[in-house]
Every structure is written in structure tokens, then in C-alpha cells.
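What follows is the content of protein_11.txt, which has compact mmCIF, C-alpha atoms:
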```txt
# COMPACT_ATOMS: atom_id res chain seq x y z
CA PHE A 684 -23.40 16.70 16.56
CA LYS A 685 -23.97 13.93 14.02
CA ARG A 686 -21.56 11.33 15.31
CA LEU A 687 -19.63 10.48 18.46
CA PHE A 688 -16.23 8.85 18.08
CA THR A 689 -14.33 7.81 21.20
CA GLN A 690 -10.65 7.05 20.68
CA GLY A 691 -8.70 4.35 22.48
CA MET A 692 -6.01 4.90 25.09
CA VAL A 693 -2.28 4.98 24.43
CA THR A 694 -0.52 2.35 26.52
CA LEU A 695 3.06 1.56 27.41
CA GLY A 696 3.91 -1.86 28.78
CA GLY A 697 0.22 -2.71 28.88
CA LYS A 698 -0.68 0.27 31.10
CA ALA A 699 -2.35 3.48 30.02
CA MET A 700 0.04 6.39 29.77
CA SER A 701 -0.43 8.98 32.50
CA LYS A 702 1.65 11.53 34.36
CA SER A 703 0.77 9.91 37.67
CA ARG A 704 2.32 6.62 36.51
CA GLY A 705 5.35 8.39 35.10
CA ASN A 706 5.17 6.40 31.86
CA VAL A 707 4.49 9.23 29.42
CA VAL A 708 6.66 9.48 26.31
CA GLY A 709 7.11 13.18 25.63
CA ILE A 710 6.55 14.40 22.08
CA ASP A 711 9.76 16.43 22.33
CA VAL A 712 11.72 13.18 22.73
CA VAL A 713 10.15 11.73 19.58
CA CYS A 714 10.62 14.95 17.61
CA ASP A 715 14.27 15.30 18.56
CA LYS A 716 15.11 11.73 17.51
CA TYR A 717 12.69 10.95 14.67
CA GLY A 718 10.86 14.14 13.70
CA ALA A 719 7.28 15.25 14.27
CA ASP A 720 5.93 13.48 11.18
CA THR A 721 7.16 10.12 12.44
CA GLY A 722 5.36 10.63 15.75
CA ARG A 723 2.14 11.69 14.04
CA LEU A 724 2.20 8.86 11.51
CA PHE A 725 3.00 6.16 14.07
CA THR A 726 0.20 7.30 16.36
CA LEU A 727 -2.29 7.03 13.49
CA PHE A 728 -0.89 3.79 12.07
CA ALA A 729 -0.24 1.66 15.15
CA SER A 730 -3.86 0.72 15.80
CA PRO A 731 -7.45 1.45 14.78
CA PRO A 732 -8.19 4.75 16.54
CA ASP A 733 -11.09 3.33 18.54
CA ARG A 734 -8.83 0.74 20.21
CA GLU A 735 -5.92 0.87 22.61
CA MET A 736 -2.54 1.59 21.05
CA GLU A 737 0.67 0.20 22.49
CA TRP A 738 3.57 2.63 22.14
CA THR A 739 6.70 0.81 20.98
CA GLU A 740 10.10 2.12 19.98
CA GLU A 741 10.26 -0.55 17.26
CA GLY A 742 7.02 0.72 15.75
CA VAL A 743 8.27 4.30 15.72
CA GLU A 744 11.48 3.20 14.03
CA GLY A 745 9.45 1.31 11.41
CA ILE A 746 7.54 4.45 10.47
CA TYR A 747 10.81 6.41 10.39
CA ARG A 748 12.21 3.89 7.90
CA PHE A 749 9.06 4.12 5.77
CA LEU A 750 9.33 7.91 5.54
CA GLY A 751 12.99 7.46 4.61
CA ARG A 752 12.02 5.11 1.77
CA LEU A 753 9.46 7.63 0.55
CA TRP A 754 12.03 10.44 0.71
CA ARG A 755 14.59 8.48 -1.30
CA LEU A 756 12.13 8.08 -4.19
CA PHE A 757 12.55 11.84 -4.72
CA ASP A 758 16.35 11.73 -4.95
CA GLY A 759 16.48 12.41 -8.70
CA ARG A 760 15.98 8.94 -10.14
CA TRP A 761 12.51 9.84 -11.45
CA GLU A 762 11.45 12.75 -13.68
CA LEU A 763 8.91 14.22 -11.31
CA ASP A 764 7.45 16.80 -13.70
CA ALA A 765 6.18 14.16 -16.17
CA VAL A 766 2.77 12.88 -15.08
CA ASP A 767 0.69 12.58 -18.27
CA TYR A 768 0.53 9.20 -20.00
CA ASP A 769 -1.77 6.93 -21.98
CA PRO A 770 -2.80 3.92 -19.84
CA ASP A 771 -3.47 1.88 -22.99
CA ALA A 772 0.18 2.25 -24.05
CA LEU A 773 1.56 0.69 -20.85
CA ASP A 774 2.97 -2.82 -20.53
CA ASP A 775 1.49 -5.24 -18.00
CA GLU A 776 3.76 -4.20 -15.13
CA LEU A 777 3.09 -0.51 -15.57
CA LYS A 778 -0.63 -1.15 -15.98
CA ALA A 779 -0.52 -2.89 -12.62
CA LEU A 780 1.24 0.13 -11.08
CA HIS A 781 -1.26 2.48 -12.73
CA ARG A 782 -4.12 0.41 -11.34
CA LYS A 783 -2.51 0.30 -7.89
CA ARG A 784 -2.17 4.08 -7.87
CA HIS A 785 -5.90 4.60 -8.45
CA SER A 786 -6.81 1.80 -6.05
CA VAL A 787 -4.71 3.33 -3.28
CA VAL A 788 -6.24 6.79 -3.72
CA LYS A 789 -9.74 5.32 -3.60
CA LYS A 790 -9.11 3.14 -0.54
CA PHE A 791 -7.18 5.92 1.18
CA THR A 792 -10.08 8.31 0.70
CA GLU A 793 -12.70 5.82 1.84
CA ASP A 794 -10.64 4.79 4.88
CA ILE A 795 -10.23 8.39 6.02
CA GLU A 796 -13.98 8.94 5.76
CA ARG A 797 -14.48 5.87 7.99
CA ILE A 798 -11.77 7.11 10.41
CA HIS A 799 -9.65 4.05 9.58
CA PHE A 800 -6.38 5.97 9.47
CA ASN A 801 -4.19 2.92 10.06
CA THR A 802 -5.44 1.06 6.97
CA ALA A 803 -5.21 4.25 4.88
CA ILE A 804 -1.52 4.58 5.76
CA ALA A 805 -1.03 0.89 4.98
CA GLN A 806 -2.26 1.61 1.45
CA ALA A 807 0.42 4.27 1.00
CA MET A 808 3.04 1.80 2.23
CA GLU A 809 1.89 -0.76 -0.35
CA LEU A 810 2.26 1.75 -3.19
CA VAL A 811 5.78 2.70 -2.05
CA ASN A 812 6.66 -1.01 -1.95
CA ASP A 813 5.26 -1.52 -5.46
CA ILE A 814 7.37 1.34 -6.84
CA TYR A 815 10.52 -0.15 -5.33
CA GLY A 816 9.43 -3.55 -6.61
CA TYR A 817 9.15 -2.18 -10.13
CA GLU A 818 12.60 -0.65 -9.86
CA ALA A 819 14.10 -3.92 -8.72
CA HIS A 820 12.47 -6.00 -11.44
CA GLY A 821 14.70 -4.94 -14.29
CA GLU A 822 15.15 -2.28 -16.94
CA VAL A 823 13.04 0.84 -16.44
CA VAL A 824 11.29 1.83 -19.68
CA PRO A 825 10.68 5.53 -20.57
CA LEU A 826 6.92 5.20 -20.02
CA ALA A 827 7.60 4.35 -16.39
CA GLN A 828 8.67 7.94 -15.67
CA PRO A 829 5.22 9.58 -15.83
CA VAL A 830 3.51 6.61 -14.16
CA VAL A 831 5.82 6.69 -11.14
CA ALA A 832 5.72 10.51 -11.03
CA ALA A 833 1.92 10.41 -10.88
CA CYS A 834 2.11 7.80 -8.10
CA LEU A 835 4.49 9.97 -6.10
CA ARG A 836 2.35 13.07 -6.54
CA ASP A 837 -0.73 11.24 -5.26
CA LEU A 838 1.26 9.84 -2.33
CA VAL A 839 2.38 13.32 -1.30
CA ASP A 840 -1.15 14.72 -1.59
CA ALA A 841 -2.75 11.85 0.34
CA LEU A 842 -0.15 11.71 3.12
CA ALA A 843 0.00 15.48 3.62
CA PRO A 844 -2.58 15.59 6.45
CA PHE A 845 -0.69 12.80 8.24
CA ALA A 846 2.90 13.90 7.64
CA PRO A 847 2.59 17.61 6.76
CA PHE A 848 6.22 18.66 7.06
CA ILE A 849 7.92 16.03 4.90
CA CYS A 850 5.10 16.22 2.34
CA GLU A 851 5.56 19.98 2.03
CA GLU A 852 9.26 19.41 1.38
CA LEU A 853 8.53 16.69 -1.19
CA ASN A 854 5.94 18.93 -2.80
CA GLU A 855 8.70 21.43 -3.54
CA ARG A 856 10.70 18.66 -5.18
CA LEU A 857 7.69 18.09 -7.44
CA GLY A 858 8.25 21.65 -8.67
CA GLU A 859 5.06 23.03 -7.14
CA ASN A 860 4.87 26.66 -6.09
CA GLU A 861 1.67 26.30 -4.06
CA SER A 862 1.50 24.48 -0.76
CA VAL A 863 0.53 20.83 -0.85
CA HIS A 864 -2.16 21.71 1.68
CA ASP A 865 -3.80 24.10 -0.80
CA ARG A 866 -4.17 21.53 -3.57
CA PRO A 867 -7.36 19.57 -4.23
CA TRP A 868 -7.58 16.05 -2.88
CA PRO A 869 -6.39 13.47 -5.46
CA SER A 870 -9.04 11.66 -7.47
CA TRP A 871 -9.22 8.17 -8.97
CA ASP A 872 -10.58 6.66 -12.16
CA GLU A 873 -12.97 3.74 -11.66
CA ASP A 874 -12.09 2.40 -15.12
CA ALA A 875 -8.44 2.13 -14.06
CA LEU A 876 -9.40 -0.29 -11.29
CA GLU A 877 -10.48 -2.97 -13.73
CA ALA A 878 -7.70 -5.49 -14.35
CA ASP A 879 -7.22 -7.23 -17.71
CA PHE A 880 -5.25 -10.06 -16.11
CA LEU A 881 -4.82 -11.41 -12.60
CA VAL A 882 -1.91 -13.34 -11.11
CA TYR A 883 -2.80 -16.14 -8.72
CA PRO A 884 -0.22 -17.83 -6.50
CA ILE A 885 -0.97 -21.58 -6.65
CA GLN A 886 -0.75 -23.28 -3.27
CA VAL A 887 -0.62 -27.09 -3.07
CA ASN A 888 -0.91 -28.62 0.39
CA GLY A 889 0.12 -25.36 1.99
CA LYS A 890 3.13 -24.55 -0.22
CA ILE A 891 3.29 -22.11 -3.13
CA ARG A 892 4.26 -24.06 -6.24
CA ASP A 893 3.70 -21.60 -9.10
CA GLN A 894 1.85 -18.49 -10.26
CA LEU A 895 -0.98 -18.43 -12.75
CA ARG A 896 -1.52 -15.39 -14.95
CA ILE A 897 -5.04 -15.47 -16.37
CA ALA A 898 -7.72 -13.13 -17.70
CA ALA A 899 -9.59 -11.31 -14.95
CA SER A 900 -12.85 -12.53 -16.48
CA ALA A 901 -11.88 -16.21 -16.16
CA THR A 902 -14.39 -18.45 -14.40
CA GLU A 903 -13.48 -20.73 -11.51
CA ASP A 904 -13.62 -23.75 -13.83
CA GLU A 905 -11.22 -22.06 -16.24
CA ILE A 906 -8.87 -21.19 -13.37
CA ARG A 907 -9.06 -24.77 -12.12
CA ASP A 908 -8.21 -26.25 -15.54
CA ALA A 909 -5.35 -23.81 -16.07
CA ALA A 910 -3.90 -24.30 -12.58
CA LEU A 911 -4.00 -28.10 -12.65
CA GLY A 912 -2.42 -28.05 -16.10
CA MET A 913 0.70 -26.15 -14.98
CA ASP A 914 3.87 -28.27 -14.88
CA ASN A 915 4.95 -27.09 -11.43
CA VAL A 916 1.49 -27.90 -10.08
CA SER A 917 0.75 -31.15 -11.88
CA ARG A 918 3.93 -32.77 -10.54
CA TYR A 919 2.38 -32.50 -7.06
CA THR A 920 -1.18 -33.43 -8.07
CA GLU A 921 -0.77 -36.03 -10.84
CA GLY A 922 -2.02 -39.46 -9.76
CA ARG A 923 -3.41 -38.04 -6.53
CA GLN A 924 -6.94 -37.15 -5.49
CA VAL A 925 -7.81 -33.45 -5.35
CA LYS A 926 -9.78 -33.17 -2.12
CA PHE A 927 -10.08 -29.40 -2.06
CA PHE A 928 -9.85 -26.62 -4.63
CA LYS A 929 -10.64 -23.01 -3.75
CA VAL A 930 -10.19 -19.73 -5.56
CA VAL A 931 -9.93 -16.58 -3.48
CA PRO A 932 -10.96 -14.05 -6.16
CA GLY A 933 -7.98 -12.03 -7.33
CA LYS A 934 -5.67 -13.38 -4.63
CA LEU A 935 -4.96 -17.09 -4.30
CA VAL A 936 -5.68 -20.61 -5.51
CA THR A 937 -5.54 -23.29 -2.82
CA ILE A 938 -5.34 -27.00 -3.67
CA ALA A 939 -5.30 -29.91 -1.24
CA VAL A 940 -4.48 -33.43 -2.47
CA LYS A 941 -3.99 -36.83 -0.89
```
Write out the structure in this file as C-alpha cells.
Amino acid sequence: FKRLFTQGMVTLGGKAMSKSRGNVVGIDVVCDKYGADTGRLFTLFASPPDREMEWTEEGVEGIYRFLGRLWRLFDGRWELDAVDYDPDALDDELKALHRKRHSVVKKFTEDIERIHFNTAIAQAMELVNDIYGYEAHGEVVPLAQPVVAACLRDLVDALAPFAPFICEELNERLGENESVHDRPWPSWDEDALEADFLVYPIQVNGKIRDQLRIAASATEDEIRDAALGMDNVSRYTEGRQVKFFKVVPGKLVTIAVK
């Protein structure tokens, strides 16, 4: 064989599950209450597979809620048969969702190849959250339909090995006649991963004071000038000495003043 991978133990109350200890949670109990997919997904998500995994009822319920959120996205609010769109015609919010879709497929694929199932599933959760976040933001424009439909199709394809039963059901809602398990693995576009603009939360002395939207190509000096020039930031920095200024690329600007 080319590689040896040794998985961690499943524990309950800090002790390894075993029949001799009488602390085994039977799969039939999980299936009856939450469904087989919940049990499978929780087992893969709860911990990196090479480490111990603590079995918790709260964790199982969390995965059950996630699958419920995924299921509700297929309740008719989105036109699931429309998946073709022009990325250049999208507004900033939809471009961000388009970029997230391709980013998730790429990271999901790479994580599976590294046997990092827990982080792969976390990527799917992020995309589901972003879709709900777009819905909650305001009016849904017509171009959102194919973008979200494409996101949902990729989610079903990527999660199918982890949650095969619910994904087969959702695949039917996509209007597919073939099994989800017979389809090719989803692909991503490297060009779609490049952002035109980035949004940086601005943190001053440990508290978020504003958000800076700036070109992705901006230098650290340009980010510094723009951040310190924002009204909601300058009111906390004006007349004070900036002791520390750090940009975490694509994520956060941290400022410390005295």
C-alpha cells in the first residue's frame, strides 16, 4: 500500500467507546431519531479523523439542524433548473457568492484528498450560511436565481459521499434523472477565485469599528491610509498614537492606539 492512515478513537465522557464498558451508542438509535445521514456527517465532522472524537448529543443535533437548513433551500424559493449565468453581469454580492461557490468546491476537493473531512464539511456549511445571508440582505434580483441554483447543485454533488440519502432526494428536486452518485465530481474555475474587491473589518483596540471595502490589489499602505481616514475609525484614533497596525490579507485590519 502507498499510505497508512490510522483513525482516532470515538469517546464518550472521555472514555473510548467499547462493549465491555457499556458506553456504545448504537447506530440504530441515531438513525431512528436523526437519520443515517446525520450520524455519518457528525462522525466525519466532529474531529479530524486521525484524532479522538467525543460523541455528543449536542453535536449530533447541530448536524441535524444543518441538514434541515440545506433541505429548506430546496423548498421552492429558488428556480433550481437555472444554472447558467454570466459572472461579469453580477453585482458585488452575487460575485461574492459566485466566488464562494468555486472556492468551496476547490477547498472541499483538496480537503477530501488530504482526508480532512471535517474541514471539507465546514466549507459546505459556510456556503449554506452565505446563501441564507444573501436572502436576508434584501431584495433578491433575477440574476440570483441561477447563481444560487449552481451553488445548490455543487453542494449536493460534494456532500453526496457524506450524506448519500438526503443528497439523492435533493438531486431529484434538481430535476435530475440520473443518480447523484453517477455524476462527475464538481469542478471550479480558478479565475472565479480572484476577487475585485475585499471587505476588511477594522478593529481598533480590540473592537470592530467599521468595514473597509477596497480593491483586492490595494497595498498595505493604501489600506492603512483608507482605514485611518474612515470617520468611524478616526474618531477613535485622532490625536492618539498608533502603536500597532496590521493587515491580515483578505480578512482583518487591526489597529492599536494609546
Report, in Å to a single decimal, how far apart atom CA of Ala833 of chain A and atom CA of Trp871 of chain A are.
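Computing the Euclidean distance for atom CA of Trp871 of chain A and atom CA of Ala833 of chain A yields 11.5 Å.
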List every protein, DNA or RNA residue that has at least one atom no more than 6 Å from (0.3, -1.0, 21.9) in the file's coordinates, counting all atoms listed in the file, and write the result as a list in words.
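In the file's frame, the residues around the point are Thr694, Met736, Glu737 and Trp738 of chain A.
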Top pick for closest residue to Arg734 of chain A, considering A:Ser786, A:Ser900, A:Thr689, A:Asn888 and counting only C-alpha atoms
A:Thr689
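Minimum atom-to-atom distance to Leu727 of chain A, evaluated using all atoms listed in the file, belongs to A:Gly691 out of A:Gly691, A:Gly816, A:Pro770, A:Gly705.
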Pick from A:Leu826, A:Glu903, A:Gly709, A:Leu753: nearest to Asp769 of chain A, with all atoms listed in the file counted?
A:Leu826
Hey, which of A:Arg755, A:Lys778, A:Arg896, A:Arg923 ends up closest to Val936 of chain A? Count all atoms listed in the file.
A:Arg896
One residue among A:Ile746, A:Val712, A:Leu780, A:Leu838 is nearest to Ile814 of chain A when using all atoms listed in the file, and that residue is A:Leu780
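One distance worth recording is that between atom CA of Val882 of chain A and atom CA of Phe800 of chain A, which is 28.6 Å.
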Please identify all polymer residues within 10 Å of Tyr919 of chain A, counting all atoms listed in the file, omitting same-chain residues fewer than 6 positions from it, and present them as a ChimeraX atom specification.
/A:887-888,892,911,939-941
Residues of the last selection are to be written out with C-alpha atoms, as a PDB file, in the frame of the given file.
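Output below, filename result.pdb:
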```
ATOM      1  CA  VAL A 887      -0.620 -27.090  -3.070  1.00  0.00           C
ATOM      2  CA  ASN A 888      -0.910 -28.620   0.390  1.00  0.00           C
ATOM      3  CA  ARG A 892       4.260 -24.060  -6.240  1.00  0.00           C
ATOM      4  CA  LEU A 911      -4.000 -28.100 -12.650  1.00  0.00           C
ATOM      5  CA  ALA A 939      -5.300 -29.910  -1.240  1.00  0.00           C
ATOM      6  CA  VAL A 940      -4.480 -33.430  -2.470  1.00  0.00           C
ATOM      7  CA  LYS A 941      -3.990 -36.830  -0.890  1.00  0.00           C
TER       8      LYS A 941
END
```
Fewer than 6 positions away in the same chain doesn't count, so skip those; otherwise give me all residues within 12 Å of Glu905 of chain A, counting all atoms listed in the file, as a PyMOL selection string.
chain A and resi 895-899+911-912+930
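A distance cut-off of 8 Å around (-11.4, 8.8, 13.5), counting all atoms listed in the file, selects these protein and nucleic acid residues: A:Phe688, A:Gln690, A:Pro732, A:Asp733, A:Ile795, A:Arg797, A:Ile798, A:His799, A:Phe800.
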Nearest candidate to Asp775 of chain A (options A:Glu809, A:Asp879, A:Glu921, A:Asp914; using all atoms listed in the file)
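Nearest to Asp775 of chain A: A:Asp879.
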May I have the residues within 12 Å of Arg760 of chain A as a tab-separated table (two decimals) with C-alpha atoms, in the coordinates of the input, using only C-alpha atoms and disregarding those fewer than 5 positions away in the same chain?
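Saved the output as out-v1.tsv:
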```tsv
chain	number	residue	atom	x	y	z
A	754	TRP	CA	12.03	10.44	0.71
A	755	ARG	CA	14.59	8.48	-1.30
A	814	ILE	CA	7.37	1.34	-6.84
A	815	TYR	CA	10.52	-0.15	-5.33
A	818	GLU	CA	12.60	-0.65	-9.86
A	823	VAL	CA	13.04	0.84	-16.44
A	827	ALA	CA	7.60	4.35	-16.39
A	828	GLN	CA	8.67	7.94	-15.67
A	831	VAL	CA	5.82	6.69	-11.14
A	832	ALA	CA	5.72	10.51	-11.03
```
Between atom CA of Ala803 of chain A and atom CA of Val766 of chain A, measure the distance and give it in Å to one decimal.
23.2 Å
Find the residues around Asn801 of chain A up to 9 Å (only C-alpha atoms counted), leave out those fewer than 6 positions away in its own chain, and share them as a PyMOL selection string.
chain A and resi 724-732+794
If we count all atoms listed in the file and set the cut-off at 10 Å, which residues sit around Gly722 of chain A, ignoring sequence neighbours fewer than 6 positions away in its own chain? Please answer as a tab-separated table (two decimals) with C-alpha atoms, in the frame of the given file.
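And here is the file that came out, result_39.tsv:
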```tsv
chain	number	residue	atom	x	y	z
A	710	ILE	CA	6.55	14.40	22.08
A	711	ASP	CA	9.76	16.43	22.33
A	712	VAL	CA	11.72	13.18	22.73
A	713	VAL	CA	10.15	11.73	19.58
A	714	CYS	CA	10.62	14.95	17.61
A	716	LYS	CA	15.11	11.73	17.51
A	728	PHE	CA	-0.89	3.79	12.07
A	743	VAL	CA	8.27	4.30	15.72
A	744	GLU	CA	11.48	3.20	14.03
A	746	ILE	CA	7.54	4.45	10.47
A	747	TYR	CA	10.81	6.41	10.39
A	845	PHE	CA	-0.69	12.80	8.24
A	846	ALA	CA	2.90	13.90	7.64
```
